[in-house]
>>> print(open('upload-v1.txt').read())   # compact mmCIF, C-alpha atoms and all ligand atoms
# COMPACT_ATOMS: atom_id res chain seq x y z
CA MET A 15 186.46 96.90 142.47
CA ASP A 16 189.60 96.31 140.43
CA LYS A 17 188.86 95.28 136.85
CA TYR A 18 190.38 92.38 134.90
CA ALA A 19 189.38 90.68 131.66
CA VAL A 20 190.19 88.07 129.08
CA ILE A 21 190.43 89.40 125.52
CA GLY A 22 190.05 87.12 122.49
CA HIS A 23 188.12 86.28 119.33
CA PRO A 24 186.00 84.20 119.73
CA ILE A 25 185.56 84.45 123.49
CA GLU A 26 182.19 82.91 124.43
CA HIS A 27 183.80 79.53 125.15
CA SER A 28 186.32 80.99 127.64
CA LYS A 29 186.25 79.58 131.15
CA SER A 30 188.51 82.37 132.46
CA PRO A 31 185.69 84.58 133.86
CA LEU A 32 184.35 81.64 135.89
CA ILE A 33 187.83 80.60 137.07
CA HIS A 34 188.95 84.09 138.11
CA SER A 35 185.63 84.97 139.78
CA GLU A 36 185.98 81.81 141.85
CA PHE A 37 189.63 82.63 142.65
CA ALA A 38 188.51 86.10 143.82
CA ARG A 39 185.74 84.65 145.97
CA LEU A 40 188.00 82.03 147.54
CA THR A 41 190.82 84.47 148.32
CA GLY A 42 188.56 87.41 149.31
CA GLN A 43 190.11 89.65 146.63
CA PRO A 44 187.83 92.55 145.57
CA LEU A 45 187.88 92.27 141.77
CA GLU A 46 185.64 91.77 138.78
CA TYR A 47 186.62 89.81 135.68
CA HIS A 48 184.88 89.88 132.29
CA ALA A 49 185.29 88.47 128.79
CA ILE A 50 185.94 90.99 126.00
CA LEU A 51 185.36 90.10 122.36
CA ALA A 52 187.85 92.15 120.33
CA PRO A 53 187.41 92.50 116.55
CA LYS A 54 190.11 90.53 114.71
CA ALA A 55 191.80 93.75 113.61
CA GLY A 56 191.03 95.62 116.82
CA PHE A 57 193.08 94.07 119.61
CA ALA A 58 195.21 97.14 120.41
CA ASP A 59 192.09 99.36 120.57
CA ALA A 60 190.33 96.88 122.85
CA VAL A 61 193.31 96.88 125.23
CA LYS A 62 193.44 100.68 125.24
CA GLN A 63 189.70 101.02 125.92
CA PHE A 64 189.89 98.49 128.73
CA ARG A 65 192.73 100.41 130.36
CA GLN A 66 190.81 103.70 130.00
CA ALA A 67 187.84 102.05 131.70
CA GLY A 68 190.06 101.25 134.70
CA GLY A 69 191.44 97.82 133.73
CA LYS A 70 194.35 96.64 135.93
CA GLY A 71 195.34 93.53 134.01
CA ALA A 72 194.14 91.12 131.37
CA ASN A 73 194.52 87.66 129.95
CA VAL A 74 194.99 87.31 126.22
CA THR A 75 193.80 84.34 124.23
CA LEU A 76 193.65 83.27 120.57
CA PRO A 77 194.40 84.81 118.14
CA PHE A 78 196.07 87.74 119.91
CA LYS A 79 198.93 86.29 121.97
CA GLU A 80 201.64 87.35 119.49
CA GLU A 81 200.09 90.77 118.96
CA ALA A 82 200.02 91.25 122.74
CA LEU A 83 203.76 90.64 122.84
CA ALA A 84 204.36 93.49 120.39
CA LEU A 85 202.19 95.85 122.45
CA CYS A 86 204.11 95.46 125.72
CA ASP A 87 206.70 97.87 127.09
CA GLU A 88 208.41 95.11 129.10
CA LEU A 89 208.44 91.31 128.81
CA SER A 90 209.31 88.49 131.16
CA GLU A 91 211.99 86.09 129.93
CA ARG A 92 209.28 83.41 129.65
CA ALA A 93 207.11 85.56 127.40
CA ARG A 94 210.05 86.67 125.24
CA ARG A 95 211.16 83.07 124.69
CA ALA A 96 207.58 81.91 124.14
CA GLY A 97 207.06 84.65 121.55
CA ALA A 98 203.62 85.14 123.05
CA VAL A 99 201.91 86.91 125.97
CA ASN A 100 198.87 85.58 127.82
CA THR A 101 199.00 87.96 130.81
CA LEU A 102 199.05 91.77 130.72
CA ILE A 103 199.76 93.93 133.78
CA TRP A 104 199.80 97.71 133.95
CA ASN A 105 202.20 99.14 136.48
CA ASP A 106 201.79 102.47 138.28
CA ASP A 107 203.68 104.50 135.67
CA GLU A 108 201.47 103.18 132.83
CA ARG A 109 204.00 100.72 131.48
CA LEU A 110 202.47 97.55 130.12
CA LEU A 111 204.16 94.35 131.28
CA GLY A 112 203.69 91.04 129.44
CA ASP A 113 204.12 87.54 130.82
CA ASN A 114 203.28 84.00 129.71
CA THR A 115 201.98 81.58 132.32
CA ASP A 116 201.01 78.63 130.04
CA GLY A 117 204.22 76.70 130.72
CA LEU A 118 204.02 77.27 134.48
CA GLY A 119 200.43 76.02 134.40
CA LEU A 120 201.49 72.84 132.60
CA VAL A 121 204.50 72.14 134.82
CA SER A 122 202.58 72.79 138.04
CA ASP A 123 199.88 70.33 136.93
CA LEU A 124 202.49 67.70 135.99
CA LYS A 125 204.14 68.13 139.39
CA ARG A 126 200.84 67.95 141.27
CA HIS A 127 200.34 64.52 139.72
CA ALA A 128 203.95 63.40 140.34
CA TYR A 129 204.62 63.03 136.61
CA PRO A 130 208.24 62.24 135.68
CA LEU A 131 210.22 65.39 134.77
CA ARG A 132 213.72 65.40 136.23
CA ASP A 133 215.98 63.00 134.26
CA ALA A 134 212.94 61.88 132.27
CA ARG A 135 212.75 61.15 128.55
CA ILE A 136 210.05 63.56 127.42
CA LEU A 137 208.29 63.69 124.05
CA LEU A 138 206.45 66.91 123.18
CA LEU A 139 204.13 66.57 120.19
CA GLY A 140 203.49 69.77 118.22
CA ALA A 141 205.48 72.88 117.41
CA GLY A 142 202.78 75.56 117.49
CA GLY A 143 202.26 78.44 119.89
CA VAL A 144 201.64 76.41 123.00
CA ALA A 145 204.61 74.09 122.40
CA ARG A 146 206.92 77.10 122.15
CA GLY A 147 205.43 78.50 125.36
CA VAL A 148 206.03 75.38 127.45
CA LEU A 149 209.55 74.50 126.31
CA LEU A 150 211.51 76.73 128.68
CA PRO A 151 209.56 75.67 131.82
CA LEU A 152 209.90 72.00 130.78
CA LEU A 153 213.64 72.28 130.16
CA SER A 154 214.02 74.07 133.51
CA GLU A 155 212.93 70.78 135.13
CA ARG A 156 216.12 69.21 133.74
CA PRO A 157 214.84 66.22 131.76
CA LYS A 158 217.30 63.64 130.44
CA ARG A 159 216.18 64.52 126.95
CA LEU A 160 213.28 66.30 125.31
CA VAL A 161 212.19 65.45 121.77
CA VAL A 162 209.89 67.87 119.94
CA ALA A 163 208.03 66.08 117.13
CA ASN A 164 205.81 67.80 114.61
CA ARG A 165 203.87 66.95 111.45
CA THR A 166 205.76 69.73 109.67
CA ALA A 167 209.33 68.67 110.51
CA HIS A 168 211.15 71.95 109.99
CA LYS A 169 209.01 73.68 112.64
CA ALA A 170 210.11 71.11 115.25
CA GLU A 171 213.74 71.44 114.18
CA ARG A 172 213.52 75.23 114.40
CA LEU A 173 211.92 75.12 117.84
CA ALA A 174 214.56 72.74 119.18
CA ALA A 175 217.34 74.94 117.76
CA ASP A 176 215.83 78.03 119.42
CA PHE A 177 215.90 76.35 122.85
CA SER A 178 219.04 74.21 122.57
CA SER A 179 221.00 76.48 124.92
CA PHE A 180 218.53 75.64 127.74
CA GLY A 181 218.83 71.86 127.71
CA PRO A 182 219.03 68.60 125.72
CA VAL A 183 216.29 69.21 123.14
CA THR A 184 216.03 67.85 119.58
CA GLY A 185 213.43 68.32 116.87
CA VAL A 186 212.08 65.71 114.46
CA GLY A 187 209.29 65.17 111.95
CA LEU A 188 206.47 62.88 113.13
CA GLU A 189 207.22 60.42 110.31
CA ASN A 190 210.75 59.86 111.67
CA LEU A 191 209.75 59.67 115.30
CA ASP A 192 210.46 56.56 117.35
CA GLY A 193 211.69 55.71 120.85
CA THR A 194 210.58 55.05 124.40
CA PHE A 195 209.48 57.91 126.63
CA ASP A 196 208.63 58.39 130.30
CA LEU A 197 206.31 61.26 129.51
CA VAL A 198 204.47 62.06 126.27
CA ILE A 199 202.75 65.46 126.07
CA ASN A 200 200.33 66.23 123.27
CA GLY A 201 200.67 69.91 122.36
CA THR A 202 199.11 69.50 118.90
CA SER A 203 195.58 70.60 118.13
CA ALA A 204 194.76 67.16 116.64
CA SER A 205 192.43 66.28 119.55
CA LEU A 206 190.22 69.26 118.74
CA SER A 207 189.24 67.52 115.48
CA GLY A 208 189.12 64.03 116.99
CA LYS A 209 192.45 62.98 115.47
CA LEU A 210 195.58 61.28 116.79
CA PRO A 211 199.09 62.23 115.60
CA ASP A 212 200.96 59.30 114.04
CA LEU A 213 202.56 57.54 117.05
CA HIS A 214 202.93 54.00 115.70
CA ARG A 215 206.64 53.75 116.59
CA VAL A 216 206.37 55.50 119.97
CA LYS A 217 206.45 53.48 123.19
CA LEU A 218 205.62 54.54 126.71
CA ALA A 219 208.11 53.37 129.33
CA GLU A 220 206.84 51.15 132.11
CA ASP A 221 205.02 53.48 134.51
CA GLY A 222 205.08 56.15 131.77
CA CYS A 223 202.61 59.04 131.74
CA ALA A 224 200.76 61.01 129.12
CA TYR A 225 199.25 64.49 129.07
CA ASP A 226 196.95 66.03 126.47
CA MET A 227 196.90 69.82 126.64
CA ALA A 228 193.47 69.73 124.99
CA TYR A 229 190.46 69.10 127.21
CA GLY A 230 186.82 68.33 126.61
CA ASP A 231 183.87 66.34 127.86
CA SER A 232 185.33 62.92 127.04
CA LEU A 233 188.72 61.25 126.67
CA THR A 234 190.65 62.49 123.62
CA PRO A 235 192.03 60.04 121.00
CA PHE A 236 195.48 60.74 122.48
CA GLN A 237 194.37 59.89 126.03
CA CYS A 238 192.82 56.66 124.67
CA TRP A 239 196.09 55.81 122.83
CA ALA A 240 198.04 56.38 126.07
CA LEU A 241 195.76 54.20 128.20
CA GLU A 242 195.80 51.42 125.57
CA ASN A 243 199.60 51.61 125.58
CA GLY A 244 199.99 51.15 129.32
CA ALA A 245 200.13 54.74 130.61
CA ARG A 246 199.97 55.04 134.40
CA HIS A 247 198.09 58.30 133.97
CA ALA A 248 196.62 60.17 130.99
CA LEU A 249 195.43 63.61 132.05
CA SER A 250 193.70 66.26 129.98
CA GLY A 251 194.76 69.93 129.94
CA LEU A 252 192.09 71.14 132.36
CA GLY A 253 194.62 71.36 135.21
CA MET A 254 196.96 73.34 132.97
CA LEU A 255 194.14 75.76 132.16
CA VAL A 256 193.43 76.36 135.86
CA GLY A 257 197.16 76.40 136.67
CA GLN A 258 197.99 79.12 134.14
CA ALA A 259 195.04 81.17 135.40
CA ALA A 260 196.28 80.79 138.99
CA GLU A 261 199.72 82.06 137.97
CA SER A 262 198.17 85.12 136.26
CA PHE A 263 196.05 85.78 139.35
CA ALA A 264 199.15 85.58 141.56
CA LEU A 265 201.01 88.04 139.31
CA TRP A 266 198.15 90.54 139.57
CA ARG A 267 197.16 90.12 143.21
CA GLY A 268 200.23 88.68 144.96
CA VAL A 269 198.10 85.77 146.26
CA HIS A 270 198.16 82.17 145.02
CA PRO A 271 194.56 80.92 144.77
CA PRO A 272 193.64 77.30 145.52
CA ILE A 273 193.41 75.09 142.41
CA GLU A 274 191.43 72.07 143.60
CA PRO A 275 187.99 73.66 144.20
CA ILE A 276 187.95 75.17 140.69
CA LEU A 277 189.10 71.92 139.13
CA GLU A 278 186.25 70.09 140.84
CA LEU A 279 183.81 72.71 139.62
CA LEU A 280 185.06 72.49 136.02
CA GLN A 281 185.28 68.71 136.02
CA GLY A 282 181.62 68.71 136.97
CA GLU A 283 180.98 70.99 133.98
CA VAL A 284 182.88 69.03 131.31
CA GLU A 285 182.00 65.49 132.39
P1 LIG A 301 198.73 75.95 116.96
O1 LIG A 301 197.67 76.12 115.91
O2 LIG A 301 199.70 77.04 117.20
O3 LIG A 301 199.58 74.62 116.60
C1 LIG A 301 198.93 73.43 116.26
C2 LIG A 301 199.94 72.28 116.25
O4 LIG A 301 199.21 71.06 116.10
C3 LIG A 301 200.94 72.34 115.10
O5 LIG A 301 202.17 71.85 115.57
C4 LIG A 301 200.30 71.40 114.07
O6 LIG A 301 201.25 70.81 113.19
C5 LIG A 301 199.72 70.34 114.97
N1 LIG A 301 198.63 69.56 114.40
C6 LIG A 301 197.38 69.99 114.09
N2 LIG A 301 196.62 68.97 113.64
C7 LIG A 301 197.41 67.87 113.64
C8 LIG A 301 197.20 66.50 113.28
N3 LIG A 301 196.03 66.08 112.81
N4 LIG A 301 198.23 65.62 113.45
C9 LIG A 301 199.42 66.06 113.93
N5 LIG A 301 199.68 67.34 114.28
C10 LIG A 301 198.68 68.23 114.14
O7 LIG A 301 197.91 75.56 118.28
P2 LIG A 301 198.33 75.85 119.81
O8 LIG A 301 199.76 75.52 119.96
O9 LIG A 301 197.86 77.19 120.22
O10 LIG A 301 197.40 74.80 120.61
C11 LIG A 301 197.68 73.41 120.60
C12 LIG A 301 196.78 72.66 121.56
O11 LIG A 301 197.01 73.08 122.90
C13 LIG A 301 195.27 72.84 121.32
O12 LIG A 301 194.66 71.57 121.49
C14 LIG A 301 194.84 73.78 122.41
O13 LIG A 301 193.48 73.57 122.77
C15 LIG A 301 195.77 73.35 123.54
N6 LIG A 301 195.98 74.41 124.55
C16 LIG A 301 195.68 74.12 125.85
C17 LIG A 301 195.87 75.05 126.85
C18 LIG A 301 195.51 74.71 128.25
O14 LIG A 301 195.56 75.60 129.11
N7 LIG A 301 195.17 73.47 128.56
C19 LIG A 301 196.43 76.39 126.56
C20 LIG A 301 196.71 76.59 125.15
C21 LIG A 301 196.50 75.63 124.19
P3 LIG A 301 201.73 71.57 111.84
O15 LIG A 301 202.79 72.54 112.28
O16 LIG A 301 202.27 70.48 111.01
O17 LIG A 301 200.52 72.24 111.26
>>> encode(input="upload-v1.txt", output="structure tokens", more="lines below")
Ligand code: NDP
Amino acid sequence: MDKYAVIGHPIEHSKSPLIHSEFARLTGQPLEYHAILAPKAGFADAVKQFRQAGGKGANVTLPFKEEALALCDELSERARRAGAVNTLIWNDDERLLGDNTDGLGLVSDLKRHAYPLRDARILLLGAGGVARGVLLPLLSERPKRLVVANRTAHKAERLAADFSSFGPVTGVGLENLDGTFDLVINGTSASLSGKLPDLHRVKLAEDGCAYDMAYGDSLTPFQCWALENGARHALSGLGMLVGQAAESFALWRGVHPPIEPILELLQGEVE
């Protein structure tokens, strides 16, 4: 059996082993997938040991995504621009390839739900690791404009400057944010502590949509804000989680697994 794993710290909460085992079962791929808890200062050793034990590929989660980037011999354009790697693949001559599938997972989920992307006015809240990772895939969908807004303004400005050659993106501090948007994506971690970023001057367009990259067992404050402000749809990030896993699986195995059965399984778990 080919071996895969997710490496992080902490790792008990990870749904990746369940998702990938289901992908393997549904596609008939002979593989096993485990969670590996790496010590905070021991990521590189954990990767090495996994490879020595026959590992073929791995997912990387917090707090190691940047460290994984530095460990790779080759990077995809997505991973290089994201500044982070969530998928490791060893090729036959022992070179370690790094990719980042977070943005693909988000965009595929948005498309599955017919969210507005092309020519849309998009607001992305947050300028942390995940915001950086999704910017290139979002700009590739050719929005009319994309505003990155962050509590710490200079991080949003920096992020927008780094991606300005890929499309019409600007950065702004949350306190100066206003405007009407077709799609508002929450890429902050505010939902994890039950908080809502300051959106008092933000409006959703008629038929506008909202997406919270966080997910849990109830609606987040951001999803509630969106529904109270007339959103057609206010999804959580569960579909993104499954979508990024599916993209990693396809990179490793050359087969795209079905998304819906796993989503149903997980929705049953978190509801
Ligand atoms: P980071 O720690 O890198 O960044 C956190 C961001 O949230 C920063 O921009 C920070 O602003 C902002 N923030 C935190 N608290 C608040 C608040 N109370 N009000 C306004 N802004 C706030 O986190 P990540 O980028 O890694 O993750 C962000 C979110 O994305 C998390 O909820 C995570 O669970 C989710 N995620 C979902 C995935 C999925 O597959 N669905 C995959 C990866 C992440 P500042 O710079 O000012 O501190």
>>> axis_aligned_box(input="upload-v1.txt", around="ligand LIG 301 (chain A)", padding_each_side="6 Å", output="JSON")
{"center_x": 198.1, "center_y": 71.4, "center_z": 120.1, "size_x": 21.3, "size_y": 23.6, "size_z": 30.1}
>>> closest_residue(input="upload-v1.txt", among="A:Ala60, A:Ala19, A:Ala163, A:Cys223", to="ligand LIG 301 (chain A)", atoms="only C-alpha atoms and all ligand atoms")
A:Ala163
>>> atom_distance(input="upload-v1.txt", atom1="atom CA of Leu120 of chain A", atom2="atom CA of Val148 of chain A")
7.3 Å
>>> residues_near_ligand(input="upload-v1.txt", ligand="ligand LIG 301 (chain A)", cutoff="9 Å", atoms="all atoms listed in the file", output="ChimeraX atom specification")
/A:75-77,116-117,119-120,139-147,163-170,187-188,200-212,226-229,250-259
>>> atom_distance(input="upload-v1.txt", atom1="atom CA of His270 of chain A", atom2="atom CA of Phe37 of chain A")
8.9 Å
>>> closest_residue(input="upload-v1.txt", among="A:Met15, A:Leu51, A:Ala224, A:Ile33", to="Ala260 of chain A", atoms="all atoms listed in the file")
A:Ile33
>>> closest_residue(input="upload-v1.txt", among="A:Phe263, A:Arg65, A:Ile21, A:Ala128", to="Asp221 of chain A", atoms="all atoms listed in the file")
A:Ala128
>>> residues_around(input="upload-v1.txt", residues="segment 92-101 of chain A", least_positions_apart="4", cutoff="8 Å", atoms="all atoms listed in the file", output="list in words")
Gly71, Ala72, Asn73, Val74, Thr75, Lys79, Glu80, Glu81, Ala82, Leu83, Gly112, Asp113, Asn114, Thr115, Asp116, Gly143, Arg146, Gly147, Val148, Leu149, Leu150 and Ser262 of chain A
>>> write_last_selection(input="upload-v1.txt", atoms="C-alpha atoms", output="tab-separated table (two decimals), in the frame of the given file")
chain	number	residue	atom	x	y	z
A	71	GLY	CA	195.34	93.53	134.01
A	72	ALA	CA	194.14	91.12	131.37
A	73	ASN	CA	194.52	87.66	129.95
A	74	VAL	CA	194.99	87.31	126.22
A	75	THR	CA	193.80	84.34	124.23
A	79	LYS	CA	198.93	86.29	121.97
A	80	GLU	CA	201.64	87.35	119.49
A	81	GLU	CA	200.09	90.77	118.96
A	82	ALA	CA	200.02	91.25	122.74
A	83	LEU	CA	203.76	90.64	122.84
A	112	GLY	CA	203.69	91.04	129.44
A	113	ASP	CA	204.12	87.54	130.82
A	114	ASN	CA	203.28	84.00	129.71
A	115	THR	CA	201.98	81.58	132.32
A	116	ASP	CA	201.01	78.63	130.04
A	143	GLY	CA	202.26	78.44	119.89
A	146	ARG	CA	206.92	77.10	122.15
A	147	GLY	CA	205.43	78.50	125.36
A	148	VAL	CA	206.03	75.38	127.45
A	149	LEU	CA	209.55	74.50	126.31
A	150	LEU	CA	211.51	76.73	128.68
A	262	SER	CA	198.17	85.12	136.26
>>> atom_distance(input="upload-v1.txt", atom1="atom CA of Ser178 of chain A", atom2="atom CA of Pro157 of chain A")
12.9 Å
>>> closest_residue(input="upload-v1.txt", among="A:Arg267, A:Leu277, A:His214, A:Gly244", to="Ala38 of chain A", atoms="only C-alpha atoms")
A:Arg267
>>> residues_near_point(input="upload-v1.txt", point="(191.5, 82.4, 152.2)", cutoff="10 Å", atoms="all atoms listed in the file", output="PDB file with C-alpha atoms, in the frame of the given file")
ATOM      1  CA  PHE A  37     189.630  82.630 142.650  1.00  0.00           C
ATOM      2  CA  ALA A  38     188.510  86.100 143.820  1.00  0.00           C
ATOM      3  CA  ARG A  39     185.740  84.650 145.970  1.00  0.00           C
ATOM      4  CA  LEU A  40     188.000  82.030 147.540  1.00  0.00           C
ATOM      5  CA  THR A  41     190.820  84.470 148.320  1.00  0.00           C
ATOM      6  CA  GLY A  42     188.560  87.410 149.310  1.00  0.00           C
ATOM      7  CA  GLN A  43     190.110  89.650 146.630  1.00  0.00           C
ATOM      8  CA  VAL A 269     198.100  85.770 146.260  1.00  0.00           C
ATOM      9  CA  HIS A 270     198.160  82.170 145.020  1.00  0.00           C
ATOM     10  CA  PRO A 271     194.560  80.920 144.770  1.00  0.00           C
ATOM     11  CA  PRO A 272     193.640  77.300 145.520  1.00  0.00           C
TER      12      PRO A 272
END
>>> residues_around(input="upload-v1.txt", residues="Arg215 of chain A", least_positions_apart="2", cutoff="9 Å", atoms="all atoms listed in the file", output="ChimeraX atom specification")
/A:190-194,212-213,217
>>> closest_residue(input="upload-v1.txt", among="A:Gly22, A:Pro130, A:Pro31, A:Gly56", to="Glu220 of chain A", atoms="all atoms listed in the file")
A:Pro130
>>> residues_around(input="upload-v1.txt", residues="Ala67 of chain A", least_positions_apart="4", cutoff="9 Å", atoms="only C-alpha atoms", output="PyMOL selection string")
chain A and resi 17+62-63
>>> write_last_selection(input="upload-v1.txt", atoms="C-alpha atoms", output="short mmCIF file (atom, residue, chain, number, x, y, z; two decimals), in the frame of the given file")
data_model
loop_
_atom_site.label_atom_id
_atom_site.label_comp_id
_atom_site.auth_asym_id
_atom_site.auth_seq_id
_atom_site.Cartn_x
_atom_site.Cartn_y
_atom_site.Cartn_z
CA LYS A 17 188.86 95.28 136.85
CA LYS A 62 193.44 100.68 125.24
CA GLN A 63 189.70 101.02 125.92
#
>>> residues_around(input="upload-v1.txt", residues="Trp104 of chain A", least_positions_apart="2", cutoff="12 Å", atoms="all atoms listed in the file", output="list of chain:residue names")
A:Lys17, A:Tyr18, A:Val61, A:Lys62, A:Phe64, A:Arg65, A:Gln66, A:Gly68, A:Gly69, A:Lys70, A:Gly71, A:Ala72, A:Leu85, A:Cys86, A:Asp87, A:Glu88, A:Leu89, A:Thr101, A:Leu102, A:Asp106, A:Asp107, A:Glu108, A:Arg109, A:Leu110, A:Leu111, A:Gly112, A:Asp113, A:Leu265, A:Trp266
>>> closest_residue(input="upload-v1.txt", among="A:Arg135, A:His23, A:Arg156, A:Arg246", to="Leu197 of chain A", atoms="all atoms listed in the file")
A:Arg135
>>> residues_around(input="upload-v1.txt", residues="His247 of chain A", least_positions_apart="5", cutoff="9 Å", atoms="all atoms listed in the file", output="PyMOL selection string")
chain A and resi 127+129+221-225+237+240-241
>>> decode(input="upload-v1.txt", residues="segment 220-254 of chain A", atoms="C-alpha atoms", output="short mmCIF file (atom, residue, chain, number, x, y, z; two decimals), in the first residue's frame")
data_model
loop_
_atom_site.label_atom_id
_atom_site.label_comp_id
_atom_site.auth_asym_id
_atom_site.auth_seq_id
_atom_site.Cartn_x
_atom_site.Cartn_y
_atom_site.Cartn_z
CA GLU A 220 -28.41 42.26 -4.70
CA ASP A 221 -27.99 38.51 -5.17
CA GLY A 222 -24.55 38.81 -3.52
CA CYS A 223 -22.84 35.83 -1.90
CA ALA A 224 -20.64 35.26 1.11
CA TYR A 225 -18.12 32.57 2.01
CA ASP A 226 -16.45 31.93 5.35
CA MET A 227 -13.29 29.85 5.02
CA ALA A 228 -13.76 28.79 8.65
CA TYR A 229 -16.16 25.94 9.37
CA GLY A 230 -17.70 24.47 12.48
CA ASP A 231 -20.84 22.94 13.90
CA SER A 232 -22.96 26.09 13.63
CA LEU A 233 -23.18 29.25 11.52
CA THR A 234 -20.25 31.62 12.12
CA PRO A 235 -20.83 35.30 13.07
CA PHE A 236 -19.76 36.16 9.50
CA GLN A 237 -22.32 33.79 7.93
CA CYS A 238 -24.99 35.32 10.21
CA TRP A 239 -23.93 38.86 9.14
CA ALA A 240 -24.18 37.81 5.48
CA LEU A 241 -27.64 36.27 5.83
CA GLU A 242 -28.91 39.30 7.78
CA ASN A 243 -27.56 41.51 4.99
CA GLY A 244 -29.39 39.75 2.18
CA ALA A 245 -26.82 37.21 0.97
CA ARG A 246 -28.19 34.68 -1.53
CA HIS A 247 -25.81 32.11 -0.08
CA ALA A 248 -23.43 32.04 2.90
CA LEU A 249 -21.31 28.90 2.81
CA SER A 250 -18.72 27.72 5.31
CA GLY A 251 -15.24 26.50 4.31
CA LEU A 252 -16.05 22.79 4.52
CA GLY A 253 -16.25 22.51 0.73
CA MET A 254 -12.90 24.27 0.42
#
